[in-house]
file run21.csv (CSV, C-alpha atoms (C1' of nucleotides))
chain,number,residue,atom,x,y,z
A,1200,MET,CA,-50.6,-28.3,-16.4
A,1201,GLY,CA,-52.2,-31.7,-16.7
A,1202,LYS,CA,-50.6,-34.2,-14.3
A,1203,LEU,CA,-49.0,-31.4,-12.3
A,1204,SER,CA,-52.3,-30.0,-11.2
A,1205,HIS,CA,-52.2,-31.9,-7.9
A,1206,MET,CA,-49.3,-29.8,-6.8
A,1207,SER,CA,-49.9,-26.5,-5.1
A,1208,ALA,CA,-48.7,-23.4,-6.7
A,1209,GLY,CA,-46.3,-23.0,-3.8
A,1210,GLU,CA,-44.6,-26.3,-4.2
A,1211,VAL,CA,-43.9,-25.8,-7.9
A,1212,GLY,CA,-43.1,-22.1,-7.4
A,1213,GLN,CA,-40.3,-22.7,-4.9
A,1214,ALA,CA,-38.5,-25.1,-7.2
A,1215,GLU,CA,-38.9,-22.9,-10.3
A,1216,ARG,CA,-37.7,-19.7,-8.7
A,1217,ARG,CA,-34.0,-20.2,-9.6
A,1218,SER,CA,-32.0,-17.3,-10.8
A,1219,GLY,CA,-29.1,-19.2,-12.4
A,1220,ALA,CA,-30.5,-19.7,-15.9
A,1221,LEU,CA,-32.0,-16.2,-16.0
A,1222,LEU,CA,-28.7,-14.7,-15.0
A,1223,ASP,CA,-27.0,-16.7,-17.7
A,1224,HIS,CA,-29.6,-15.6,-20.3
A,1225,LEU,CA,-29.5,-11.9,-19.4
A,1226,ALA,CA,-25.7,-11.8,-19.1
A,1227,ARG,CA,-25.4,-13.2,-22.6
A,1228,ARG,CA,-27.8,-10.7,-24.1
A,1229,MET,CA,-26.0,-7.9,-22.4
A,1230,ARG,CA,-22.6,-9.2,-23.4
A,1231,LEU,CA,-23.4,-9.6,-27.0
A,1232,ARG,CA,-24.8,-6.1,-27.3
A,1233,SER,CA,-21.9,-4.6,-25.3
A,1234,GLU,CA,-19.2,-5.8,-27.7
A,1235,SER,CA,-20.0,-3.3,-30.5
A,1236,VAL,CA,-20.2,-0.4,-27.9
A,1237,LEU,CA,-16.9,-1.4,-26.3
A,1238,ALA,CA,-15.0,-2.0,-29.5
A,1239,PRO,CA,-14.3,1.7,-30.2
A,1240,LEU,CA,-12.7,1.9,-26.7
A,1241,GLY,CA,-10.5,-1.0,-27.4
A,1242,LEU,CA,-12.2,-3.2,-24.8
A,1243,ARG,CA,-14.0,-6.5,-24.7
A,1244,PRO,CA,-16.7,-7.5,-22.2
A,1245,ARG,CA,-14.3,-9.6,-20.3
A,1246,HIS,CA,-11.9,-6.7,-19.9
A,1247,LEU,CA,-14.7,-4.7,-18.3
A,1248,VAL,CA,-15.5,-7.5,-15.9
A,1249,ALA,CA,-11.8,-7.6,-14.9
A,1250,LEU,CA,-11.6,-3.8,-14.5
A,1251,THR,CA,-14.9,-3.8,-12.5
A,1252,VAL,CA,-13.5,-6.4,-10.1
A,1253,LEU,CA,-10.1,-4.6,-9.8
A,1254,ARG,CA,-11.9,-1.4,-8.9
A,1255,THR,CA,-13.5,-3.1,-6.0
A,1256,SER,CA,-10.6,-5.2,-4.9
A,1257,GLY,CA,-7.8,-2.8,-5.2
A,1258,ASP,CA,-4.3,-4.1,-5.6
A,1259,ILE,CA,-4.3,-7.8,-5.9
A,1260,SER,CA,-2.1,-10.7,-7.0
A,1261,GLN,CA,-2.8,-12.4,-10.3
A,1262,GLN,CA,-3.7,-15.6,-8.6
A,1263,ALA,CA,-6.2,-13.9,-6.3
A,1264,LEU,CA,-7.6,-12.2,-9.4
A,1265,ALA,CA,-8.0,-15.6,-11.1
A,1266,GLY,CA,-9.8,-16.8,-8.0
A,1267,THR,CA,-12.2,-13.9,-7.9
A,1268,LEU,CA,-12.9,-13.9,-11.6
A,1269,GLN,CA,-13.2,-17.7,-11.5
A,1270,ILE,CA,-11.0,-18.1,-14.6
A,1271,ASP,CA,-7.8,-20.1,-15.0
A,1272,GLY,CA,-4.6,-18.3,-14.0
A,1273,THR,CA,-3.2,-18.8,-17.5
A,1274,ASN,CA,-6.0,-16.8,-18.9
A,1275,VAL,CA,-5.4,-14.0,-16.5
A,1276,VAL,CA,-2.0,-13.5,-18.2
A,1277,GLY,CA,-3.5,-12.7,-21.6
A,1278,LEU,CA,-6.2,-10.6,-20.0
A,1279,LEU,CA,-3.7,-8.5,-18.2
A,1280,ASN,CA,-1.4,-8.3,-21.2
A,1281,ASP,CA,-4.3,-6.6,-23.1
A,1282,LEU,CA,-5.1,-4.2,-20.3
A,1283,GLU,CA,-1.4,-3.4,-19.6
A,1284,ALA,CA,-0.7,-2.8,-23.3
A,1285,GLU,CA,-3.5,-0.1,-23.2
A,1286,GLY,CA,-2.0,1.3,-20.0
A,1287,LEU,CA,-5.1,0.5,-18.0
A,1288,VAL,CA,-3.4,-1.6,-15.3
A,1289,GLU,CA,0.1,-2.1,-13.9
A,1290,ARG,CA,2.0,-5.1,-12.9
A,1291,LYS,CA,4.6,-4.6,-10.2
A,1292,ARG,CA,6.8,-7.2,-8.5
A,1293,SER,CA,5.8,-7.6,-4.9
A,1294,ALA,CA,8.5,-6.5,-2.4
A,1295,GLU,CA,7.6,-9.1,0.1
A,1296,ASP,CA,7.4,-12.0,-2.3
A,1297,ARG,CA,9.2,-11.4,-5.6
A,1298,ARG,CA,7.3,-14.2,-7.3
A,1299,ARG,CA,4.1,-12.2,-7.1
A,1300,HIS,CA,2.9,-9.5,-9.4
A,1301,VAL,CA,0.7,-6.9,-7.7
A,1302,VAL,CA,-1.9,-5.8,-10.2
A,1303,SER,CA,-3.3,-2.3,-9.9
A,1304,MET,CA,-5.5,0.0,-12.0
A,1305,THR,CA,-3.9,3.1,-13.4
A,1306,GLU,CA,-5.6,6.4,-13.5
A,1307,THR,CA,-6.1,5.8,-17.2
A,1308,GLY,CA,-7.8,2.5,-16.4
A,1309,THR,CA,-10.1,4.1,-13.9
A,1310,LYS,CA,-11.0,6.8,-16.5
A,1311,ARG,CA,-11.5,4.3,-19.3
A,1312,LEU,CA,-13.7,2.1,-17.2
A,1313,ARG,CA,-15.9,5.1,-16.4
A,1314,GLU,CA,-16.1,6.0,-20.1
A,1315,ALA,CA,-17.0,2.5,-21.0
A,1316,GLU,CA,-19.7,2.3,-18.4
A,1317,CYS,CA,-21.1,5.6,-19.6
A,1318,ALA,CA,-21.2,4.3,-23.2
A,1319,LEU,CA,-23.0,1.2,-22.0
A,1320,ALA,CA,-26.0,3.1,-20.7
A,1321,THR,CA,-27.8,2.6,-24.0
A,1322,VAL,CA,-27.2,-1.1,-23.9
A,1323,GLU,CA,-28.5,-1.4,-20.4
A,1324,ASN,CA,-31.5,0.6,-21.3
A,1325,ASP,CA,-32.3,-1.8,-24.1
A,1326,VAL,CA,-31.7,-5.0,-22.3
A,1327,LEU,CA,-33.4,-3.9,-19.1
A,1328,SER,CA,-36.2,-2.1,-20.9
A,1329,ALA,CA,-38.8,-4.0,-18.9
A,1330,LEU,CA,-37.6,-2.5,-15.6
A,1331,SER,CA,-38.2,1.0,-14.3
A,1332,PRO,CA,-35.2,3.2,-13.3
A,1333,VAL,CA,-35.8,2.4,-9.6
A,1334,GLU,CA,-35.9,-1.3,-10.3
A,1335,ARG,CA,-32.7,-1.1,-12.3
A,1336,GLU,CA,-31.1,0.6,-9.4
A,1337,THR,CA,-32.3,-2.1,-7.1
A,1338,LEU,CA,-31.0,-4.8,-9.5
A,1339,TYR,CA,-27.6,-3.1,-9.6
A,1340,GLU,CA,-27.4,-3.0,-5.8
A,1341,LEU,CA,-28.3,-6.6,-5.4
A,1342,LEU,CA,-25.9,-7.7,-8.1
A,1343,CYS,CA,-23.2,-5.5,-6.6
A,1344,ARG,CA,-23.6,-7.0,-3.1
A,1345,ALA,CA,-23.8,-10.6,-4.3
A,1346,ALA,CA,-20.7,-10.1,-6.5
A,1347,SER,CA,-18.7,-8.6,-3.7
A,1348,ALA,CA,-19.2,-11.7,-1.5
A,1349,PRO,CA,-16.0,-13.8,-1.3
A,1350,VAL,CA,-15.9,-16.9,-3.4
A,1351,THR,CA,-16.9,-19.8,-1.2
A,1352,CYS,CA,-14.8,-22.9,-0.5
A,1353,ALA,CA,-17.2,-25.0,-2.6
A,1354,GLU,CA,-16.7,-22.7,-5.5
A,1355,ALA,CA,-12.9,-22.8,-5.2
A,1356,ALA,CA,-13.0,-26.6,-5.1
A,1357,ALA,CA,-15.2,-26.7,-8.2
A,1358,GLU,CA,-12.5,-24.8,-9.9
A,1359,GLY,CA,-10.0,-27.5,-9.1
A,1360,ASP,CA,-8.5,-27.1,-5.6
A,1361,PRO,CA,-8.7,-30.6,-4.1
A,1362,ASP,CA,-6.6,-29.5,-1.1
A,1363,SER,CA,-9.3,-27.0,-0.1
A,1364,SER,CA,-9.6,-27.3,3.7
A,1365,CYS,CA,-13.4,-27.3,3.9
B,850,MET,CA,-9.7,9.5,-5.5
B,851,GLY,CA,-7.0,12.1,-6.4
B,852,LYS,CA,-7.7,13.8,-9.7
B,853,LEU,CA,-11.3,12.7,-9.6
B,854,SER,CA,-12.1,14.6,-6.4
B,855,HIS,CA,-13.5,17.5,-8.4
B,856,MET,CA,-16.3,15.3,-9.6
B,857,SER,CA,-19.4,15.0,-7.5
B,858,ALA,CA,-20.3,11.6,-6.2
B,859,GLY,CA,-23.4,11.7,-8.3
B,860,GLU,CA,-21.5,12.2,-11.6
B,861,VAL,CA,-19.2,9.3,-10.9
B,862,GLY,CA,-21.9,7.2,-9.4
B,863,GLN,CA,-24.2,7.3,-12.4
B,864,ALA,CA,-21.5,6.1,-14.8
B,865,GLU,CA,-20.3,3.4,-12.5
B,866,ARG,CA,-23.7,1.9,-11.8
B,867,ARG,CA,-23.7,-0.5,-14.7
B,868,SER,CA,-25.0,-4.0,-14.2
B,869,GLY,CA,-23.5,-5.6,-17.3
B,870,ALA,CA,-20.2,-6.7,-15.9
B,871,LEU,CA,-21.7,-7.8,-12.6
B,872,LEU,CA,-24.2,-9.9,-14.4
B,873,ASP,CA,-21.5,-11.5,-16.4
B,874,HIS,CA,-19.4,-12.1,-13.3
B,875,LEU,CA,-22.2,-13.6,-11.2
B,876,ALA,CA,-23.6,-15.7,-14.1
B,877,ARG,CA,-20.2,-17.2,-14.6
B,878,ARG,CA,-19.8,-18.2,-10.9
B,879,MET,CA,-23.3,-19.6,-10.9
B,880,ARG,CA,-22.7,-21.6,-14.1
B,881,LEU,CA,-19.4,-23.1,-13.0
B,882,ARG,CA,-20.9,-24.3,-9.7
B,883,SER,CA,-24.0,-25.6,-11.5
B,884,GLU,CA,-22.2,-28.0,-13.7
B,885,SER,CA,-21.4,-30.6,-11.1
B,886,VAL,CA,-24.9,-30.4,-9.7
B,887,LEU,CA,-26.6,-30.8,-13.1
B,888,ALA,CA,-24.2,-33.6,-14.3
B,889,PRO,CA,-26.1,-36.4,-12.5
B,890,LEU,CA,-29.3,-35.2,-14.2
B,891,GLY,CA,-27.6,-35.4,-17.6
B,892,LEU,CA,-27.9,-31.7,-18.1
B,893,ARG,CA,-25.5,-28.8,-18.7
B,894,PRO,CA,-26.2,-25.2,-17.8
B,895,ARG,CA,-27.0,-24.3,-21.3
B,896,HIS,CA,-29.7,-27.0,-21.4
B,897,LEU,CA,-31.3,-25.4,-18.3
B,898,VAL,CA,-31.3,-22.0,-20.0
B,899,ALA,CA,-33.0,-23.5,-23.0
B,900,LEU,CA,-35.6,-25.3,-21.0
B,901,THR,CA,-36.3,-22.3,-18.9
B,902,VAL,CA,-36.9,-20.2,-22.0
B,903,LEU,CA,-39.1,-23.0,-23.5
B,904,ARG,CA,-41.2,-23.1,-20.3
B,905,THR,CA,-42.0,-19.5,-20.7
B,906,SER,CA,-42.3,-19.3,-24.5
B,907,GLY,CA,-44.3,-22.5,-25.0
B,908,ASP,CA,-44.2,-24.1,-28.5
B,909,ILE,CA,-41.8,-22.2,-30.7
B,910,SER,CA,-39.8,-22.7,-33.9
B,911,GLN,CA,-36.1,-23.3,-33.8
B,912,GLN,CA,-35.3,-20.0,-35.4
B,913,ALA,CA,-37.4,-18.1,-32.8
B,914,LEU,CA,-35.7,-20.1,-30.1
B,915,ALA,CA,-32.3,-19.1,-31.5
B,916,GLY,CA,-33.5,-15.5,-31.5
B,917,THR,CA,-34.6,-15.6,-27.9
B,918,LEU,CA,-31.6,-17.4,-26.7
B,919,GLN,CA,-29.4,-15.2,-28.8
B,920,ILE,CA,-27.4,-18.1,-30.1
B,921,ASP,CA,-26.7,-19.2,-33.6
B,922,GLY,CA,-29.4,-21.4,-35.3
B,923,THR,CA,-26.8,-24.1,-36.0
B,924,ASN,CA,-26.1,-24.4,-32.3
B,925,VAL,CA,-29.8,-24.8,-31.5
B,926,VAL,CA,-29.7,-28.0,-33.6
B,927,GLY,CA,-27.1,-29.6,-31.3
B,928,LEU,CA,-28.8,-28.3,-28.2
B,929,LEU,CA,-32.2,-29.8,-29.2
B,930,ASN,CA,-30.5,-33.0,-30.2
B,931,ASP,CA,-29.3,-33.4,-26.6
B,932,LEU,CA,-32.7,-32.5,-25.1
B,933,GLU,CA,-34.6,-34.7,-27.5
B,934,ALA,CA,-32.4,-37.7,-27.0
B,935,GLU,CA,-33.2,-37.4,-23.3
B,936,GLY,CA,-36.9,-37.1,-24.1
B,937,LEU,CA,-37.2,-33.6,-22.6
B,938,VAL,CA,-38.4,-31.8,-25.8
B,939,GLU,CA,-40.1,-32.8,-29.0
B,940,ARG,CA,-39.7,-31.6,-32.5
B,941,LYS,CA,-42.8,-31.7,-34.7
B,942,ARG,CA,-43.2,-30.6,-38.3
B,943,SER,CA,-45.5,-27.6,-38.5
B,944,ALA,CA,-48.7,-28.3,-40.3
B,945,GLU,CA,-48.9,-24.7,-41.7
B,946,ASP,CA,-45.3,-24.5,-42.9
B,947,ARG,CA,-43.7,-27.9,-43.3
B,948,ARG,CA,-40.2,-26.3,-43.2
B,949,ARG,CA,-40.6,-25.5,-39.6
B,950,HIS,CA,-40.1,-27.7,-36.6
B,951,VAL,CA,-42.3,-26.8,-33.6
B,952,VAL,CA,-40.3,-27.4,-30.4
B,953,SER,CA,-42.3,-28.2,-27.3
B,954,MET,CA,-41.4,-29.4,-23.8
B,955,THR,CA,-42.5,-32.9,-22.9
B,956,GLU,CA,-43.9,-33.8,-19.5
B,957,THR,CA,-40.6,-35.4,-18.7
B,958,GLY,CA,-38.8,-32.2,-19.6
B,959,THR,CA,-41.0,-30.2,-17.3
B,960,LYS,CA,-40.4,-32.6,-14.5
B,961,ARG,CA,-36.6,-32.8,-15.2
B,962,LEU,CA,-36.4,-29.0,-15.2
B,963,ARG,CA,-38.1,-28.8,-11.9
B,964,GLU,CA,-35.8,-31.5,-10.4
B,965,ALA,CA,-32.8,-29.5,-11.7
B,966,GLU,CA,-34.0,-26.3,-10.2
B,967,CYS,CA,-34.6,-28.0,-6.9
B,968,ALA,CA,-31.1,-29.4,-6.9
B,969,LEU,CA,-29.7,-26.0,-7.7
B,970,ALA,CA,-31.0,-24.5,-4.5
B,971,THR,CA,-27.6,-25.1,-2.7
B,972,VAL,CA,-25.7,-23.5,-5.5
B,973,GLU,CA,-27.9,-20.4,-5.4
B,974,ASN,CA,-27.6,-20.3,-1.6
B,975,ASP,CA,-23.8,-20.2,-1.9
B,976,VAL,CA,-23.4,-17.8,-4.7
B,977,LEU,CA,-26.1,-15.4,-3.4
B,978,SER,CA,-25.0,-15.9,0.2
B,979,ALA,CA,-24.7,-12.1,0.7
B,980,LEU,CA,-28.4,-11.6,0.0
B,981,SER,CA,-31.3,-12.3,2.3
B,982,PRO,CA,-34.2,-14.6,1.2
B,983,VAL,CA,-36.4,-11.6,0.5
B,984,GLU,CA,-33.6,-10.0,-1.6
B,985,ARG,CA,-33.1,-13.2,-3.5
B,986,GLU,CA,-36.8,-13.2,-4.2
B,987,THR,CA,-36.6,-9.6,-5.4
B,988,LEU,CA,-33.6,-10.5,-7.6
B,989,TYR,CA,-35.5,-13.4,-9.1
B,990,GLU,CA,-38.5,-11.3,-10.0
B,991,LEU,CA,-36.4,-8.6,-11.6
B,992,LEU,CA,-34.4,-11.0,-13.6
B,993,CYS,CA,-37.5,-12.9,-14.7
B,994,ARG,CA,-39.2,-9.7,-15.9
B,995,ALA,CA,-36.1,-8.4,-17.7
B,996,ALA,CA,-35.5,-11.8,-19.3
B,997,SER,CA,-39.2,-12.0,-20.5
B,998,ALA,CA,-39.0,-8.8,-22.4
B,999,PRO,CA,-38.7,-9.4,-26.2
B,1000,VAL,CA,-35.3,-9.1,-27.8
B,1001,THR,CA,-35.1,-5.6,-29.2
B,1002,CYS,CA,-34.3,-4.7,-32.9
B,1003,ALA,CA,-30.9,-3.5,-31.9
B,1004,GLU,CA,-30.1,-6.8,-30.3
B,1005,ALA,CA,-31.4,-8.7,-33.3
B,1006,ALA,CA,-29.2,-6.5,-35.6
B,1007,ALA,CA,-26.2,-7.1,-33.4
B,1008,GLU,CA,-26.7,-10.8,-34.0
B,1009,GLY,CA,-26.4,-10.3,-37.7
B,1010,ASP,CA,-29.7,-9.2,-39.2
B,1011,PRO,CA,-28.9,-6.3,-41.5
B,1012,ASP,CA,-32.3,-6.2,-43.0
B,1013,SER,CA,-33.9,-5.5,-39.7
B,1014,SER,CA,-36.5,-2.9,-40.3
B,1015,CYS,CA,-35.7,-0.5,-37.4
C,1349,DT,C1',-35.9,-17.1,-55.3
C,1350,DA,C1',-36.3,-17.1,-50.1
C,1351,DT,C1',-36.6,-19.6,-45.7
C,1352,DT,C1',-36.1,-23.6,-42.2
C,1353,DG,C1',-33.3,-26.7,-40.6
C,1354,DT,C1',-29.0,-29.6,-41.1
C,1355,DT,C1',-24.1,-30.8,-41.8
C,1356,DA,C1',-19.2,-29.8,-42.4
C,1357,DT,C1',-15.7,-26.7,-41.2
C,1358,DA,C1',-13.0,-22.9,-39.3
C,1359,DC,C1',-12.4,-19.9,-35.7
C,1360,DT,C1',-12.4,-18.4,-30.7
C,1361,DC,C1',-12.2,-19.3,-26.1
C,1362,DT,C1',-10.7,-21.9,-22.1
C,1363,DA,C1',-8.1,-25.3,-19.8
C,1364,DT,C1',-4.0,-28.7,-19.2
C,1365,DA,C1',1.0,-29.4,-19.2
C,1366,DA,C1',5.7,-28.1,-19.2
C,1367,DC,C1',9.0,-24.2,-18.1
C,1368,DT,C1',11.3,-20.2,-15.4
C,1369,DA,C1',12.0,-17.6,-11.3
C,1370,DT,C1',11.6,-17.1,-6.7
C,1371,DA,C1',10.7,-19.1,-1.9
D,90,DT,C1',10.1,-29.1,-2.7
D,91,DA,C1',6.4,-25.8,-3.5
D,92,DT,C1',4.4,-21.5,-5.5
D,93,DA,C1',3.6,-17.3,-8.9
D,94,DG,C1',3.6,-16.4,-13.3
D,95,DT,C1',4.5,-17.5,-18.3
D,96,DT,C1',4.3,-20.1,-22.7
D,97,DA,C1',2.8,-23.8,-25.8
D,98,DT,C1',-0.7,-26.8,-27.0
D,99,DA,C1',-5.0,-29.4,-27.0
D,100,DG,C1',-9.9,-29.5,-26.1
D,101,DA,C1',-14.5,-27.4,-25.9
D,102,DG,C1',-17.5,-24.0,-27.5
D,103,DT,C1',-19.3,-21.0,-31.2
D,104,DA,C1',-19.9,-19.1,-35.7
D,105,DT,C1',-19.5,-19.2,-41.0
D,106,DA,C1',-20.6,-21.6,-45.4
D,107,DA,C1',-22.6,-24.9,-48.2
D,108,DC,C1',-26.6,-28.1,-48.7
D,109,DA,C1',-31.5,-30.3,-48.7
D,110,DA,C1',-36.4,-29.7,-48.2
D,111,DT,C1',-40.2,-26.7,-48.5
D,112,DA,C1',-42.5,-22.2,-49.6

call {"tool": "encode", "arguments": {"input": "run21.csv", "output": "structure tokens"}}
result
Amino acid sequence: MGKLSHMSAGEVGQAERRSGALLDHLARRMRLRSESVLAPLGLRPRHLVALTVLRTSGDISQQALAGTLQIDGTNVVGLLNDLEAEGLVERKRSAEDRRRHVVSMTETGTKRLREAECALATVENDVLSALSPVERETLYELLCRAASAPVTCAEAAAEGDPDSSC
Amino acid sequence: MGKLSHMSAGEVGQAERRSGALLDHLARRMRLRSESVLAPLGLRPRHLVALTVLRTSGDISQQALAGTLQIDGTNVVGLLNDLEAEGLVERKRSAEDRRRHVVSMTETGTKRLREAECALATVENDVLSALSPVERETLYELLCRAASAPVTCAEAAAEGDPDSSC
DNA sequence: TATTGTTATACTCTATAACTATA
DNA sequence: TATAGTTATAGAGTATAACAATA
């Protein structure tokens, strides 16, 4: 309060209503709790993120996957090595451009992802305990839609693409 | 599809509707983009998370802050060193228990946080471009409420508190 | 003796640079 | 020459362990 009291609630409120830090905070809590639940399934939180993205995107090149996940291409290699070793994804040389590896989820991968998500119900219940079932559903839908939007040029540039055409 | 076609949409849908990975994914995209915007203000995304939590919690011990942020106490030290050097927070010895440092936001800190959040409007617009203003407002409120909930015993235990009484 | 905060250190994660193969 | 992927390596981030002050 104090010196800020000359501002209307609206002025302050608009600036304060930013989701970034909250998103970071909640994601961290969820991720930490998830680790122990996912360990028995041989998965780490990052694997789940990759599988979740792959389920939505379908077959995709490693570079495109790096772009969507916003992680460096070199890290995609290790990530896919893990998933492929478990038989959850497949890498196949593209017929059109033999430099490319087309990444696709296997049936085992789809099944494992589903198992993992099932096991994570408890974690989500704890971390989102303040929300009602309907609100959790709303949250899921909003996150899902936001996450499905393509990565913008500005984001790609921030990742280190100076030749970006925008 | 294929072998899964014997399952009802509901069965699959329930398991698949987990927010954890989406939260992780979106938080990452937001965080990466935020860095360049926050840099001119001398802040990093993690500083913003800490300030956001401090604004809600009010005066708090370093240990309690570590618990809420779910980061190690040793890392709180460095985090607060940064923020204190910029004059955004203060550490004061507690009168009741002189082992404790009571952390509080300064007026400068409150102001800087507001500036940062204001500057982050563009980032949020980009990352949440798929959502309408009303939906973004809904998302903010849900995140805010979920984040305000106290850290559960299970979460505290996962952080390494074997003597937790639950 | 137990707890709060700090420092020193080791580990994990992520990014940068050099290499192979395809185009 | 440029691009997709891989490997090796260095830098940033995070946690574990030992220490000082206070309870």

call {"tool": "interface_residues", "arguments": {"input": "run21.csv", "of": "chain C", "to": "chain A", "cutoff": "8 Å", "atoms": "only C-alpha atoms (C1' of nucleotides)", "output": "MDAnalysis selection string"}}
result
chainID C and resid 1362:1363 1369:1371

call {"tool": "atom_distance", "arguments": {"input": "run21.csv", "atom1": "CA of Val1276 in chain A", "atom2": "CA of Pro894 in chain B"}}
result
26.9 Å

call {"tool": "residues_around", "arguments": {"input": "run21.csv", "residues": "Cys993 in chain B", "least_positions_apart": "5", "cutoff": "12 Å", "atoms": "all atoms listed in the file", "output": "list in words"}}
result
Glu1215, Arg1216, Arg1217, Ser1218, Gly1219, Ala1220, Leu1221, Leu1222, Asp1223, His1224, Leu1225, Leu1327, Ala1329, Leu1330 and Leu1338 of chain A; Thr901, Val902, Thr905, Glu986, Thr987, Leu988 and Ala998 of chain B

call {"tool": "interface_residues", "arguments": {"input": "run21.csv", "of": "chain D", "to": "chain B", "cutoff": "9 Å", "atoms": "only C-alpha atoms (C1' of nucleotides)", "output": "ChimeraX atom specification"}}
result
/D:103-104,110-112

call {"tool": "write_last_selection", "arguments": {"input": "run21.csv", "atoms": "C-alpha atoms (C1' of nucleotides)", "output": "PDB file, in the frame of the given file"}}
result
ATOM      1  C1'  DT D 103     -19.300 -21.000 -31.200  1.00  0.00           C
ATOM      2  C1'  DA D 104     -19.900 -19.100 -35.700  1.00  0.00           C
ATOM      3  C1'  DA D 110     -36.400 -29.700 -48.200  1.00  0.00           C
ATOM      4  C1'  DT D 111     -40.200 -26.700 -48.500  1.00  0.00           C
ATOM      5  C1'  DA D 112     -42.500 -22.200 -49.600  1.00  0.00           C
TER       6       DA D 112
END

call {"tool": "atom_distance", "arguments": {"input": "run21.csv", "atom1": "CA of Arg877 in chain B", "atom2": "CA of Tyr1339 in chain A"}}
result
16.7 Å

call {"tool": "atom_distance", "arguments": {"input": "run21.csv", "atom1": "CA of Val1248 in chain A", "atom2": "CA of Asn1324 in chain A"}}
result
18.7 Å

call {"tool": "residues_around", "arguments": {"input": "run21.csv", "residues": "DA106 in chain D", "least_positions_apart": "4", "cutoff": "10 Å", "atoms": "only C-alpha atoms (C1' of nucleotides)", "output": "number ranges by chain"}}
result
C: 1356-1358

call {"tool": "closest_residue", "arguments": {"input": "run21.csv", "among": "A:Gln1262, A:Thr1351, A:Thr1321, A:Ser1293", "to": "chain B", "atoms": "all atoms listed in the file"}}
result
A:Thr1351

call {"tool": "closest_residue", "arguments": {"input": "run21.csv", "among": "C:DT1368, C:DT1360, C:DT1349, C:DT1355", "to": "DG102 in chain D", "atoms": "all atoms listed in the file"}}
result
C:DT1360

call {"tool": "closest_residue", "arguments": {"input": "run21.csv", "among": "A:Thr1267, A:Leu1253, A:Val1301, A:Met1229", "to": "chain B", "atoms": "only C-alpha atoms"}}
result
A:Met1229

call {"tool": "closest_residue", "arguments": {"input": "run21.csv", "among": "A:Asn1280, A:Ser1331, A:Ser1303, A:Gln1261", "to": "chain B", "atoms": "only C-alpha atoms"}}
result
A:Ser1331

call {"tool": "residues_near_point", "arguments": {"input": "run21.csv", "point": "(-29.6, -24.8, -25.3)", "cutoff": "7 Å", "atoms": "all atoms listed in the file", "output": "PyMOL selection string"}}
result
chain B and resi 895-896+898-899+925+928-929

call {"tool": "closest_residue", "arguments": {"input": "run21.csv", "among": "A:Leu1312, A:Ala1226, A:Val1350, A:Leu1342", "to": "Val976 in chain B", "atoms": "all atoms listed in the file"}}
result
A:Val1350

call {"tool": "closest_residue", "arguments": {"input": "run21.csv", "among": "A:Ala1284, A:Arg1232, A:Arg1292, A:Val1302", "to": "chain B", "atoms": "only C-alpha atoms"}}
result
A:Arg1232

call {"tool": "decode", "arguments": {"input": "run21.csv", "residues": "range 966-973 of chain B", "atoms": "N, CA, C and O atoms", "output": "mmCIF file, in the first residue's frame"}}
result
data_model
loop_
_atom_site.group_PDB
_atom_site.id
_atom_site.type_symbol
_atom_site.label_atom_id
_atom_site.label_comp_id
_atom_site.auth_asym_id
_atom_site.auth_seq_id
_atom_site.Cartn_x
_atom_site.Cartn_y
_atom_site.Cartn_z
ATOM 1 N N GLU B 966 6.169 -6.859 -15.007
ATOM 2 C CA GLU B 966 4.920 -7.487 -15.449
ATOM 3 C C GLU B 966 4.310 -6.725 -16.602
ATOM 4 O O GLU B 966 3.745 -7.306 -17.530
ATOM 5 N N CYS B 967 4.461 -5.414 -16.548
ATOM 6 C CA CYS B 967 3.959 -4.565 -17.615
ATOM 7 C C CYS B 967 4.713 -4.876 -18.910
ATOM 8 O O CYS B 967 4.117 -5.032 -19.978
ATOM 9 N N ALA B 968 6.029 -5.001 -18.793
ATOM 10 C CA ALA B 968 6.868 -5.276 -19.967
ATOM 11 C C ALA B 968 6.594 -6.659 -20.541
ATOM 12 O O ALA B 968 6.833 -6.922 -21.726
ATOM 13 N N LEU B 969 6.087 -7.548 -19.707
ATOM 14 C CA LEU B 969 5.859 -8.922 -20.148
ATOM 15 C C LEU B 969 4.537 -9.097 -20.890
ATOM 16 O O LEU B 969 4.223 -10.196 -21.349
ATOM 17 N N ALA B 970 3.789 -8.037 -21.020
ATOM 18 C CA ALA B 970 2.496 -8.133 -21.698
ATOM 19 C C ALA B 970 2.652 -8.695 -23.110
ATOM 20 O O ALA B 970 1.892 -9.561 -23.538
ATOM 21 N N THR B 971 3.659 -8.217 -23.820
ATOM 22 C CA THR B 971 3.894 -8.664 -25.192
ATOM 23 C C THR B 971 4.194 -10.158 -25.248
ATOM 24 O O THR B 971 3.687 -10.878 -26.112
ATOM 25 N N VAL B 972 5.043 -10.591 -24.335
ATOM 26 C CA VAL B 972 5.394 -12.014 -24.290
ATOM 27 C C VAL B 972 4.148 -12.855 -24.079
ATOM 28 O O VAL B 972 3.906 -13.835 -24.790
ATOM 29 N N GLU B 973 3.348 -12.440 -23.121
ATOM 30 C CA GLU B 973 2.143 -13.207 -22.819
ATOM 31 C C GLU B 973 1.194 -13.209 -24.005
ATOM 32 O O GLU B 973 0.571 -14.236 -24.304
#
